[in-house]
$ cat protein.cif   # mmCIF, C-alpha atoms
data_input
#
loop_
_atom_site.label_atom_id
_atom_site.label_comp_id
_atom_site.auth_asym_id
_atom_site.auth_seq_id
_atom_site.Cartn_x
_atom_site.Cartn_y
_atom_site.Cartn_z
CA MET T 1 0.00 0.00 0.00
CA ALA T 2 1.38 3.41 -0.98
CA THR T 3 2.81 5.55 1.81
CA ASP T 4 0.63 8.47 0.72
CA ASP T 5 -2.47 6.34 1.21
CA LEU T 6 -1.40 5.41 4.73
CA THR T 7 -0.76 8.95 5.89
CA GLN T 8 -4.29 9.92 4.83
CA MET T 9 -5.99 6.98 6.53
CA SER T 10 -8.39 7.35 9.42
CA ASP T 11 -7.62 5.55 12.67
CA GLY T 12 -10.14 2.82 11.92
CA ALA T 13 -8.87 2.23 8.40
CA LEU T 14 -5.27 2.18 9.65
CA VAL T 15 -6.04 -0.45 12.26
CA MET T 16 -7.99 -2.46 9.70
CA ALA T 17 -4.86 -2.43 7.54
CA ILE T 18 -2.82 -3.54 10.56
CA ALA T 19 -5.36 -6.33 11.16
CA ARG T 20 -4.57 -7.51 7.64
CA TRP T 21 -0.91 -7.73 8.60
CA GLY T 22 0.02 -4.43 6.98
CA GLN T 23 3.46 -3.68 8.38
CA GLY T 24 3.42 -0.32 6.62
CA ALA T 25 0.24 0.53 8.49
CA LEU T 26 1.87 -0.31 11.82
CA SER T 27 4.84 1.84 10.86
CA GLU T 28 2.45 4.73 10.13
CA ALA T 29 0.75 4.27 13.51
CA TYR T 30 4.22 4.33 15.12
CA ARG T 31 5.10 7.49 13.22
CA ARG T 32 1.90 9.20 14.38
CA HIS T 33 1.85 8.13 18.00
CA GLY T 34 5.19 6.60 18.98
CA GLY T 35 6.52 9.89 20.31
CA ALA T 36 3.54 10.49 22.58
CA VAL T 37 3.63 6.90 23.81
CA PHE T 38 7.34 7.08 24.60
CA GLY T 39 7.05 10.51 26.18
CA LEU T 40 4.25 9.46 28.53
CA ALA T 41 6.02 6.24 29.50
CA GLN T 42 9.27 8.06 30.17
CA ARG T 43 7.48 10.73 32.19
CA LEU T 44 5.85 8.13 34.42
CA LEU T 45 8.77 5.72 34.73
CA ALA T 46 11.70 8.17 34.82
CA ASP T 47 13.61 5.34 33.21
CA ARG T 48 14.49 5.35 29.52
CA VAL T 49 15.04 1.60 29.26
CA LEU T 50 11.69 0.76 30.83
CA ALA T 51 9.99 3.40 28.67
CA GLU T 52 11.44 1.76 25.55
CA GLU T 53 10.10 -1.60 26.70
CA VAL T 54 6.63 -0.15 27.19
CA LEU T 55 6.78 1.50 23.76
CA GLN T 56 7.73 -1.82 22.16
CA GLU T 57 5.06 -3.70 24.10
CA VAL T 58 2.26 -1.29 23.19
CA PHE T 59 2.91 -1.49 19.46
CA LEU T 60 3.44 -5.24 19.43
CA ARG T 61 0.12 -5.58 21.21
CA LEU T 62 -1.50 -3.41 18.54
CA TRP T 63 -0.03 -5.72 15.91
CA ASN T 64 -1.12 -8.93 17.61
CA GLN T 65 -4.52 -7.76 18.88
CA PRO T 66 -5.75 -5.00 16.58
CA GLU T 67 -9.33 -6.06 17.27
CA ARG T 68 -9.08 -4.59 20.77
CA PHE T 69 -9.26 -1.09 19.27
CA ASP T 70 -12.82 0.08 18.68
CA PRO T 71 -13.00 3.33 16.69
CA GLU T 72 -16.48 3.90 18.15
CA ARG T 73 -14.95 4.29 21.64
CA GLY T 74 -12.26 6.86 20.90
CA THR T 75 -9.21 7.71 18.86
CA LEU T 76 -6.26 5.43 18.27
CA ARG T 77 -4.13 7.95 20.14
CA SER T 78 -6.27 7.81 23.29
CA TYR T 79 -6.37 3.99 23.04
CA LEU T 80 -2.56 3.70 22.76
CA LEU T 81 -1.97 6.23 25.54
CA ALA T 82 -4.43 4.40 27.82
CA GLN T 83 -2.50 1.17 27.16
CA THR T 84 0.77 3.00 27.80
CA HIS T 85 -0.45 4.60 31.00
CA GLY T 86 -1.84 1.35 32.40
CA ARG T 87 1.31 -0.61 31.71
CA SER T 88 3.57 2.16 33.01
CA VAL T 89 1.56 2.47 36.22
CA ASP T 90 1.87 -1.29 36.76
CA LEU T 91 5.63 -0.92 36.54
CA VAL T 92 5.64 2.23 38.67
CA ARG T 93 3.86 0.41 41.46
CA SER T 94 6.20 -2.54 41.41
CA GLU T 95 8.53 -2.69 44.38
CA THR T 96 11.68 -1.94 42.50
CA ALA T 97 10.24 1.00 40.66
CA ARG T 98 8.80 2.39 43.86
CA ARG T 99 12.20 2.36 45.51
CA ARG T 100 13.76 4.03 42.50
CA ARG T 101 11.03 6.66 42.42
CA GLU T 102 11.42 7.41 46.11
CA GLU T 103 15.14 7.88 45.62
CA ARG T 104 14.50 10.17 42.67
CA ASP T 105 11.88 12.20 44.55
CA ALA T 106 14.16 12.52 47.56
CA GLU T 107 16.94 13.89 45.37
CA VAL T 108 14.81 16.34 43.41
CA SER T 109 12.61 17.88 46.07
CA PRO T 110 11.03 17.09 49.44
CA GLU T 111 7.62 16.73 47.82
CA PRO T 112 6.47 15.41 44.46
CA ASP T 113 6.64 18.23 41.96
CA TYR T 114 4.45 17.38 39.02
CA ASP T 115 3.81 20.43 36.93
CA LEU T 116 1.04 19.65 34.51
CA GLU T 117 1.79 22.67 32.41
CA ARG T 118 5.28 21.33 31.64
CA GLU T 119 3.62 18.54 29.72
CA VAL T 120 1.69 20.90 27.51
CA GLN T 121 4.13 22.12 24.94
CA ASP T 122 2.46 21.52 21.61
CA LEU T 123 1.67 24.97 20.32
CA MET T 124 -1.92 25.10 19.12
CA VAL T 125 -3.47 22.26 21.06
CA GLY T 126 -1.32 23.14 24.05
CA GLU T 127 -2.73 26.63 24.28
CA GLN T 128 -6.26 25.33 24.33
CA VAL T 129 -5.47 22.60 26.85
CA ARG T 130 -3.64 25.13 29.05
CA ALA T 131 -6.70 27.37 28.97
CA ALA T 132 -8.91 24.44 29.93
CA LEU T 133 -6.58 23.52 32.81
CA ALA T 134 -6.65 27.09 34.06
CA GLU T 135 -10.39 26.76 34.57
CA LEU T 136 -9.92 23.96 37.10
CA SER T 137 -9.57 24.57 40.79
CA ASP T 138 -6.12 24.02 42.30
CA GLY T 139 -7.45 20.95 44.07
CA GLU T 140 -8.82 19.40 40.89
CA ARG T 141 -5.68 20.12 38.87
CA ARG T 142 -3.32 18.85 41.57
CA ALA T 143 -5.27 15.62 42.06
CA ILE T 144 -5.24 14.90 38.31
CA GLU T 145 -1.50 15.66 38.11
CA LEU T 146 -0.63 13.28 40.92
CA ALA T 147 -2.87 10.50 39.65
CA TYR T 148 -2.12 10.69 35.92
CA PHE T 149 1.48 11.87 35.70
CA GLY T 150 2.55 10.67 39.13
CA GLY T 151 1.11 7.18 38.78
CA HIS T 152 -0.40 7.39 42.29
CA SER T 153 -3.58 5.62 43.36
CA TYR T 154 -6.37 7.86 44.64
CA ARG T 155 -5.62 6.64 48.17
CA GLU T 156 -2.01 7.77 47.80
CA VAL T 157 -3.16 11.09 46.36
CA ALA T 158 -5.43 11.56 49.37
CA VAL T 159 -2.49 11.01 51.72
CA ILE T 160 -0.20 13.33 49.75
CA LEU T 161 -2.77 16.12 49.64
CA GLY T 162 -4.10 15.50 53.13
CA GLU T 163 -7.63 15.18 51.79
CA PRO T 164 -10.35 12.55 52.31
CA GLU T 165 -10.43 9.80 49.70
CA GLY T 166 -13.98 10.73 48.71
CA THR T 167 -12.89 14.29 48.02
CA VAL T 168 -10.06 13.11 45.79
CA LYS T 169 -12.36 10.81 43.82
CA SER T 170 -14.88 13.60 43.31
CA ARG T 171 -12.28 16.19 42.34
CA ILE T 172 -10.71 13.97 39.73
CA ARG T 173 -14.04 12.98 38.21
CA LEU T 174 -15.36 16.53 38.23
CA GLY T 175 -12.06 17.93 36.99
CA LEU T 176 -12.02 15.56 34.01
CA ARG T 177 -15.62 16.46 33.17
CA ARG T 178 -14.85 20.17 33.30
CA LEU T 179 -11.79 19.67 31.14
CA ARG T 180 -13.91 17.82 28.64
CA ASP T 181 -16.52 20.59 28.56
CA SER T 182 -13.81 23.19 27.93
CA LEU T 183 -12.13 21.11 25.26
CA MET T 184 -15.48 20.50 23.56
CA ARG T 185 -16.03 24.24 23.35
CA ALA T 186 -12.53 24.52 21.87
CA GLY T 187 -13.39 21.85 19.32
CA LEU T 188 -10.74 19.40 20.50
CA VAL T 189 -13.17 16.65 21.45
CA GLY T 190 -16.47 15.58 19.93
CA SER T 191 -19.80 15.73 21.69
CA MET W 1 -28.94 -3.08 45.14
CA MET W 2 -28.04 -2.59 41.51
CA SER W 3 -28.54 1.20 41.81
CA ARG W 4 -26.31 1.40 44.88
CA ARG W 5 -23.63 -0.67 43.22
CA HIS W 6 -23.83 1.45 40.08
CA ALA W 7 -23.53 4.66 42.13
CA GLU W 8 -20.47 3.25 43.91
CA VAL W 9 -18.86 2.45 40.58
CA GLU W 10 -19.71 5.88 39.18
CA GLU W 11 -17.78 7.55 42.00
CA LEU W 12 -14.69 5.65 40.90
CA LEU W 13 -14.92 6.18 37.15
CA GLY W 14 -12.67 9.24 37.14
CA VAL W 15 -9.86 7.60 39.11
CA PHE W 16 -10.32 4.32 37.23
CA SER W 17 -9.83 6.15 33.95
CA LEU W 18 -6.48 7.44 35.21
CA ASP W 19 -5.40 3.97 36.44
CA ALA W 20 -5.55 5.30 39.99
CA VAL W 21 -7.41 2.43 41.64
CA ASP W 22 -6.06 -0.67 43.38
CA GLY W 23 -6.20 -4.23 42.07
CA HIS W 24 -9.46 -5.50 43.54
CA GLU W 25 -11.33 -2.26 42.75
CA HIS W 26 -9.96 -2.38 39.21
CA GLU W 27 -11.38 -5.87 38.65
CA TRP W 28 -14.70 -4.93 40.19
CA ILE W 29 -15.08 -1.88 37.95
CA GLU W 30 -13.98 -3.81 34.86
CA GLY W 31 -16.68 -6.36 35.55
CA HIS W 32 -19.26 -3.59 35.79
CA LEU W 33 -18.07 -1.96 32.57
CA ARG W 34 -18.74 -5.17 30.64
CA ILE W 35 -22.45 -4.71 31.28
CA CYS W 36 -22.88 -0.94 31.58
CA ALA W 37 -22.65 1.09 28.39
CA SER W 38 -23.08 4.47 30.09
CA CYS W 39 -20.14 3.87 32.43
CA ARG W 40 -18.02 2.61 29.53
CA ARG W 41 -18.84 5.79 27.65
CA GLU W 42 -17.79 7.93 30.62
CA VAL W 43 -14.48 6.06 30.97
CA ASP W 44 -13.82 6.49 27.24
CA GLN W 45 -14.48 10.22 27.54
CA HIS W 46 -12.16 10.62 30.54
CA ARG W 47 -9.40 8.72 28.74
CA GLU W 48 -9.80 10.89 25.67
CA VAL W 49 -9.31 13.96 27.84
CA ALA W 50 -6.31 12.43 29.59
CA ALA W 51 -4.72 11.67 26.22
CA LEU W 52 -5.01 15.33 25.28
CA LEU W 53 -2.97 16.26 28.34
CA VAL W 54 -0.06 14.44 26.70
CA THR W 55 0.69 16.98 24.01
CA SER W 56 4.42 17.03 24.43
CA HIS W 57 6.34 13.95 23.42
CA ALA W 58 9.89 12.77 23.11
CA THR W 59 11.33 11.33 19.93
CA PRO W 60 11.43 7.55 20.24
CA PRO W 61 15.03 6.39 20.58
CA GLY W 62 16.68 4.64 17.69
CA GLY W 63 16.46 0.88 17.61
CA VAL W 64 13.00 0.49 19.13
CA TRP W 65 11.18 0.29 15.80
CA GLU W 66 13.68 -2.33 14.63
CA ARG W 67 12.93 -4.38 17.75
CA ILE W 68 9.22 -4.05 17.05
CA GLU W 69 9.77 -5.18 13.46
CA GLY W 70 11.74 -8.15 14.69
CA GLY W 71 8.85 -9.24 16.88
CA LEU W 72 6.14 -9.09 14.21
CA TYR W 73 6.52 -12.51 12.65
CA GLU W 74 6.82 -15.64 14.75
CA PRO W 75 7.46 -19.03 13.13
CA PRO W 76 4.19 -20.71 12.12
CA PRO W 77 3.06 -23.74 14.11
CA PRO W 78 3.89 -27.14 12.59
CA LEU W 79 1.10 -28.53 10.44
CA ALA W 80 -0.53 -31.41 12.27
CA LEU W 81 -3.43 -32.43 10.11
CA GLY W 82 -4.88 -35.79 10.98
CA PRO W 83 -6.14 -38.24 8.34
CA VAL W 84 -9.70 -37.89 7.11
CA PRO W 85 -11.76 -40.80 8.48
CA ARG W 86 -11.92 -43.66 5.96
CA SER W 87 -15.72 -43.51 5.90
CA LEU W 88 -15.60 -39.99 4.48
CA ARG W 89 -12.97 -40.62 1.82
CA ARG W 90 -14.25 -40.61 -1.74
CA LYS W 91 -12.24 -40.15 -4.89
CA ARG W 92 -15.01 -38.78 -7.08
CA PRO W 93 -18.05 -37.54 -5.20
CA SER W 94 -21.33 -38.28 -6.95
CA LEU W 95 -23.95 -35.61 -7.45
CA LEU W 96 -26.12 -37.33 -4.87
CA ALA W 97 -23.25 -37.39 -2.39
CA LEU W 98 -22.61 -33.67 -2.96
CA THR W 99 -26.25 -32.88 -2.39
CA LEU W 100 -26.41 -34.93 0.80
CA ALA W 101 -23.14 -33.51 2.04
CA ALA W 102 -24.33 -29.98 1.38
CA ALA W 103 -27.42 -30.65 3.48
CA ALA W 104 -25.34 -32.09 6.32
CA ALA W 105 -22.49 -29.58 6.21
CA MET W 106 -22.38 -26.07 7.67
CA VAL W 107 -24.12 -23.28 5.81
CA ILE W 108 -21.63 -20.72 4.68
CA GLY W 109 -22.25 -17.55 2.83
CA VAL W 110 -19.18 -16.19 1.19
CA VAL W 111 -18.84 -12.49 0.74
CA GLY W 112 -16.01 -10.46 -0.54
CA VAL W 113 -14.71 -12.94 -3.12
CA ARG W 114 -12.74 -10.96 -5.67
CA ASP W 115 -10.67 -11.77 -8.67
CA VAL W 116 -7.16 -10.55 -9.19
CA MET W 117 -8.16 -7.78 -11.60
CA GLN W 118 -10.17 -5.98 -8.90
CA GLU W 119 -7.82 -6.56 -5.97
CA ARG W 120 -6.12 -3.18 -5.81
CA ARG W 121 -9.28 -1.16 -6.32
CA LEU W 122 -11.07 -3.08 -3.63
CA GLU W 123 -8.19 -2.72 -1.19
CA ARG W 124 -8.60 1.04 -1.48
CA ILE W 125 -12.35 0.78 -1.03
CA GLN W 126 -11.96 -1.54 1.93
CA ALA W 127 -9.46 0.79 3.54
CA SER W 128 -11.77 3.80 3.29
CA LEU W 129 -15.17 2.25 3.82
CA LEU W 130 -14.91 0.76 7.26
CA ASP W 131 -18.64 0.68 7.56
CA GLU W 132 -18.82 -1.68 4.56
CA LEU W 133 -20.84 -4.42 6.16
CA PRO W 134 -18.72 -7.58 5.97
CA HIS W 135 -15.46 -5.88 6.88
CA ARG W 136 -16.95 -3.93 9.77
CA ALA W 137 -18.85 -6.99 10.89
CA ALA W 138 -15.63 -9.00 10.75
CA LEU W 139 -13.73 -6.37 12.73
CA ALA W 140 -16.57 -6.17 15.25
CA ALA W 141 -16.53 -9.93 15.62
CA LEU W 142 -12.79 -9.98 16.15
CA GLY W 143 -13.22 -7.38 18.87
CA ASN W 144 -16.18 -9.11 20.56
CA PRO W 145 -15.03 -10.36 23.98
CA GLN W 146 -17.36 -13.35 23.66
CA ALA W 147 -15.92 -14.48 20.34
CA ARG W 148 -13.63 -17.47 20.02
CA ILE W 149 -10.72 -16.39 17.90
CA VAL W 150 -8.13 -18.51 16.16
CA GLU W 151 -5.23 -17.60 13.91
CA LEU W 152 -4.51 -19.80 10.91
CA ARG W 153 -0.92 -20.05 9.70
CA GLY W 154 1.01 -22.02 7.12
CA THR W 155 4.56 -22.62 5.94
CA ASP W 156 4.40 -19.38 3.95
CA PRO W 157 4.60 -16.64 6.60
CA ALA W 158 2.71 -14.24 4.34
CA ALA W 159 -0.37 -16.47 4.22
CA LYS W 160 -2.61 -16.23 7.24
CA ALA W 161 -6.17 -15.79 8.45
CA ARG W 162 -7.97 -14.75 11.60
CA VAL W 163 -11.27 -16.48 12.31
CA ALA W 164 -13.80 -15.30 14.89
CA VAL W 165 -16.79 -17.42 15.93
CA LEU W 166 -19.55 -15.73 17.93
CA PRO W 167 -21.66 -17.58 20.52
CA GLY W 168 -24.62 -17.97 18.15
CA GLY W 169 -22.48 -19.68 15.52
CA GLN W 170 -21.95 -16.68 13.25
CA GLY W 171 -18.36 -16.53 12.12
CA TYR W 172 -15.99 -14.39 10.08
CA ALA W 173 -12.63 -15.02 8.50
CA VAL W 174 -10.23 -12.23 7.58
CA ILE W 175 -7.76 -13.69 5.10
CA GLU W 176 -4.43 -12.33 3.95
CA GLY W 177 -1.60 -13.29 1.64
CA LEU W 178 -3.05 -16.31 -0.13
CA PRO W 179 -1.55 -16.40 -3.63
CA PRO W 180 -4.17 -15.96 -6.35
CA LEU W 181 -5.26 -19.23 -7.93
CA PRO W 182 -5.61 -19.81 -11.65
CA PRO W 183 -9.03 -20.37 -13.24
CA GLY W 184 -10.34 -23.83 -12.50
CA GLN W 185 -9.24 -23.76 -8.88
CA THR W 186 -10.60 -22.37 -5.64
CA TYR W 187 -9.77 -22.05 -1.96
CA GLN W 188 -12.03 -24.00 0.38
CA LEU W 189 -12.69 -23.51 4.10
CA TRP W 190 -12.84 -26.48 6.47
CA ALA W 191 -13.90 -26.76 10.09
CA PHE W 192 -12.75 -29.47 12.47
CA ILE W 193 -15.82 -30.75 14.33
CA GLU W 194 -15.56 -33.76 16.62
CA GLY W 195 -12.55 -35.11 14.81
CA GLN W 196 -13.95 -34.70 11.33
CA ARG W 197 -13.10 -32.16 8.64
CA ILE W 198 -16.34 -30.60 7.46
CA SER W 199 -16.48 -28.42 4.36
CA GLY W 200 -17.30 -24.80 4.96
CA GLY W 201 -17.69 -23.88 1.33
CA THR W 202 -15.54 -22.41 -1.40
CA LEU W 203 -13.88 -19.03 -1.05
CA GLY W 204 -12.87 -18.20 -4.60
CA THR W 205 -9.47 -17.61 -6.13
CA GLN W 206 -8.29 -14.81 -3.82
CA PRO W 207 -10.49 -14.38 -0.76
CA LEU W 208 -10.24 -11.49 1.70
CA VAL W 209 -13.24 -11.73 4.03
CA ALA W 210 -15.72 -14.57 4.50
CA ALA W 211 -18.84 -14.76 6.64
CA PHE W 212 -20.32 -18.07 7.68
CA HIS W 213 -22.60 -19.76 10.19
CA ILE W 214 -21.78 -23.02 11.93
CA THR W 215 -23.29 -25.43 14.39
CA GLY W 216 -21.36 -27.86 16.49
CA ALA W 217 -18.25 -27.77 18.62
CA VAL W 218 -15.52 -26.43 16.33
CA GLY W 219 -11.95 -27.24 17.24
CA GLY W 220 -10.23 -25.32 14.46
CA PHE W 221 -10.19 -24.30 10.83
CA ALA W 222 -8.13 -24.88 7.72
CA ILE W 223 -8.06 -23.61 4.12
CA THR W 224 -7.04 -25.83 1.20
CA GLU W 225 -6.63 -25.44 -2.55
CA GLU W 226 -9.18 -27.45 -4.53
CA THR W 227 -10.63 -27.71 -8.00
CA ALA W 228 -13.28 -25.15 -8.88
CA GLY W 229 -16.59 -25.99 -7.28
CA GLY W 230 -14.93 -27.51 -4.24
CA VAL W 231 -14.89 -31.07 -2.97
CA VAL W 232 -16.80 -33.02 -0.34
CA THR W 233 -13.66 -34.34 1.25
CA SER W 234 -10.04 -33.44 0.85
CA THR W 235 -6.72 -34.94 1.73
CA ASN W 236 -4.82 -31.89 0.49
CA GLN W 237 -2.38 -30.29 2.87
CA PRO W 238 -3.87 -27.05 4.23
CA VAL W 239 -2.47 -23.77 3.04
CA VAL W 240 -3.22 -22.39 6.50
CA ILE W 241 -4.48 -24.12 9.63
CA GLY W 242 -5.15 -23.30 13.25
CA PHE W 243 -6.78 -24.75 16.35
CA PHE W 244 -8.57 -23.06 19.25
CA ARG W 245 -6.53 -23.07 22.41
CA GLU W 246 -8.97 -23.34 25.26
CA ALA W 247 -7.89 -21.81 28.59
#
$ encode --input "protein.cif" --output "structure tokens"
Amino acid sequence: MATDDLTQMSDGALVMAIARWGQGALSEAYRRHGGAVFGLAQRLLADRVLAEEVLQEVFLRLWNQPERFDPERGTLRSYLLAQTHGRSVDLVRSETARRRREERDAEVSPEPDYDLEREVQDLMVGEQVRAALAELSDGERRAIELAYFGGHSYREVAVILGEPEGTVKSRIRLGLRRLRDSLMRAGLVGS
Amino acid sequence: MMSRRHAEVEELLGVFSLDAVDGHEHEWIEGHLRICASCRREVDQHREVAALLVTSHATPPGGVWERIEGGLYEPPPPLALGPVPRSLRRKRPSLLALTLAAAAAMVIGVVGVRDVMQERRLERIQASLLDELPHRAALAALGNPQARIVELRGTDPAAKARVAVLPGGQGYAVIEGLPPLPPGQTYQLWAFIEGQRISGGTLGTQPLVAAFHITGAVGGFAITEETAGGVVTSTNQPVVIGFFREA
């Protein structure tokens, strides 16, 4: 299949081509999303070698189980990043990774310092996402930072923030809904 | 009871979407999501938002794509086709035998049979028209958690098929890499049911997607090359073959 055809393909068509053992299609998916997958894994794991393993695992899983992606449920990007995040969090919470992370946190600062805005660097989309984040309360934004980019469970987030677990659960759920509403108004997500 | 349970799950959907729940809660919520479309939709929406937070990304280091490429093709399983029972062997099936066999065999409707001249045009159509019924239905079947799925392989690594069988007996085969056959020949699908190889119908000279319906406990599938019109029984070596691996 011609490279030009692949670059124009929708997510669903691309995965259909992968399902038919199209290596070029997998390469195109890697070109589109490999950077984001690696960046998220590296951010969570703080370990380049482990991040490379997660990157490899995510795309091999896409090759071997393309049927797990349902275009009706979201974009290929959100599917791959959800896979990446889940796998990375599993590794983060392993004993070895926890020790390494504690050592890293102890060296860098007395408290976890996850700045969500550092993650948002893409120019156009970044501006809109930054604006959406600015609409959240500090509590909502901090809870999402610690859970998503810190790899912490909501119970851990509650301990870190000194808040009840129920409050953390509510803030994260409400914060994600408010982000979605803002991003819908900006045209970044569908209704 | 169901409402209270649902409300308890709803409280956790935000943290679940960010992988911020512990093991036993994760399993509990996953079980609920299998039966609750509204909660699944909310989780999908939260994950879409989370993905947008990842707008910066690092360039993947060199060598990773090569490792991925190296892991794409595993050696095919050895062909282990058992002999067709003597009672089913016939050299030249009579018209009566074909009629009786057709009545006793599975009913298969073949869609998507194309000849070589149309292959490229149809690949483009297939790639762009995901809602084309058989292809979308096949993809949906492959993604159905209740489907039994088996991969068929052969000695040629390029030839392969994925077959999904749904609980009601509806099945789909997505086929790739079978070399086009000359006029006068056809590919034929077979199902292994209780130790016997039962014809599933002819697939044409270069099949891509096939839909079929079966009854009985299927252990696996195979595709063979046959003379045009197909045969009642075959002792030909399969081009591709695979067996369900039950957990």
$ interface_residues --input "protein.cif" --of "chain W" --to "chain T" --cutoff "8 Å" --atoms "only C-alpha atoms" --output "PyMOL selection string"
chain W and resi 11-15+18-22+41+44-61+64-65+67-68+71-72+127-130+139-140+142-143+174-176
$ atom_distance --input "protein.cif" --atom1 "atom CA of Gly242 of chain W" --atom2 "atom CA of Gly184 of chain W"
26.3 Å
$ closest_residue --input "protein.cif" --among "W:Glu225, W:Ile193, W:Ile149, W:Gly169" --to "Leu181 of chain W" --atoms "all atoms listed in the file"
W:Glu225
$ resolve_selection --input "protein.cif" --expression "the PyMOL selection byres ((chain W and resi 162) around 8)" --output "MDAnalysis selection string"
chainID W and resid 149:152 160:161 163:164 173:175
$ atom_distance --input "protein.cif" --atom1 "atom CA of Glu30 of chain W" --atom2 "atom CA of Gln146 of chain W"
15.1 Å
$ atom_distance --input "protein.cif" --atom1 "atom CA of Glu27 of chain W" --atom2 "atom CA of Asn144 of chain W"
19.0 Å
$ resolve_selection --input "protein.cif" --expression "the PyMOL selection byres ((chain W and resi 240) around 12)" --output "MDAnalysis selection string"
chainID W and resid 76:81 150:163 175:179 187:190 220:225 236:239 241:243
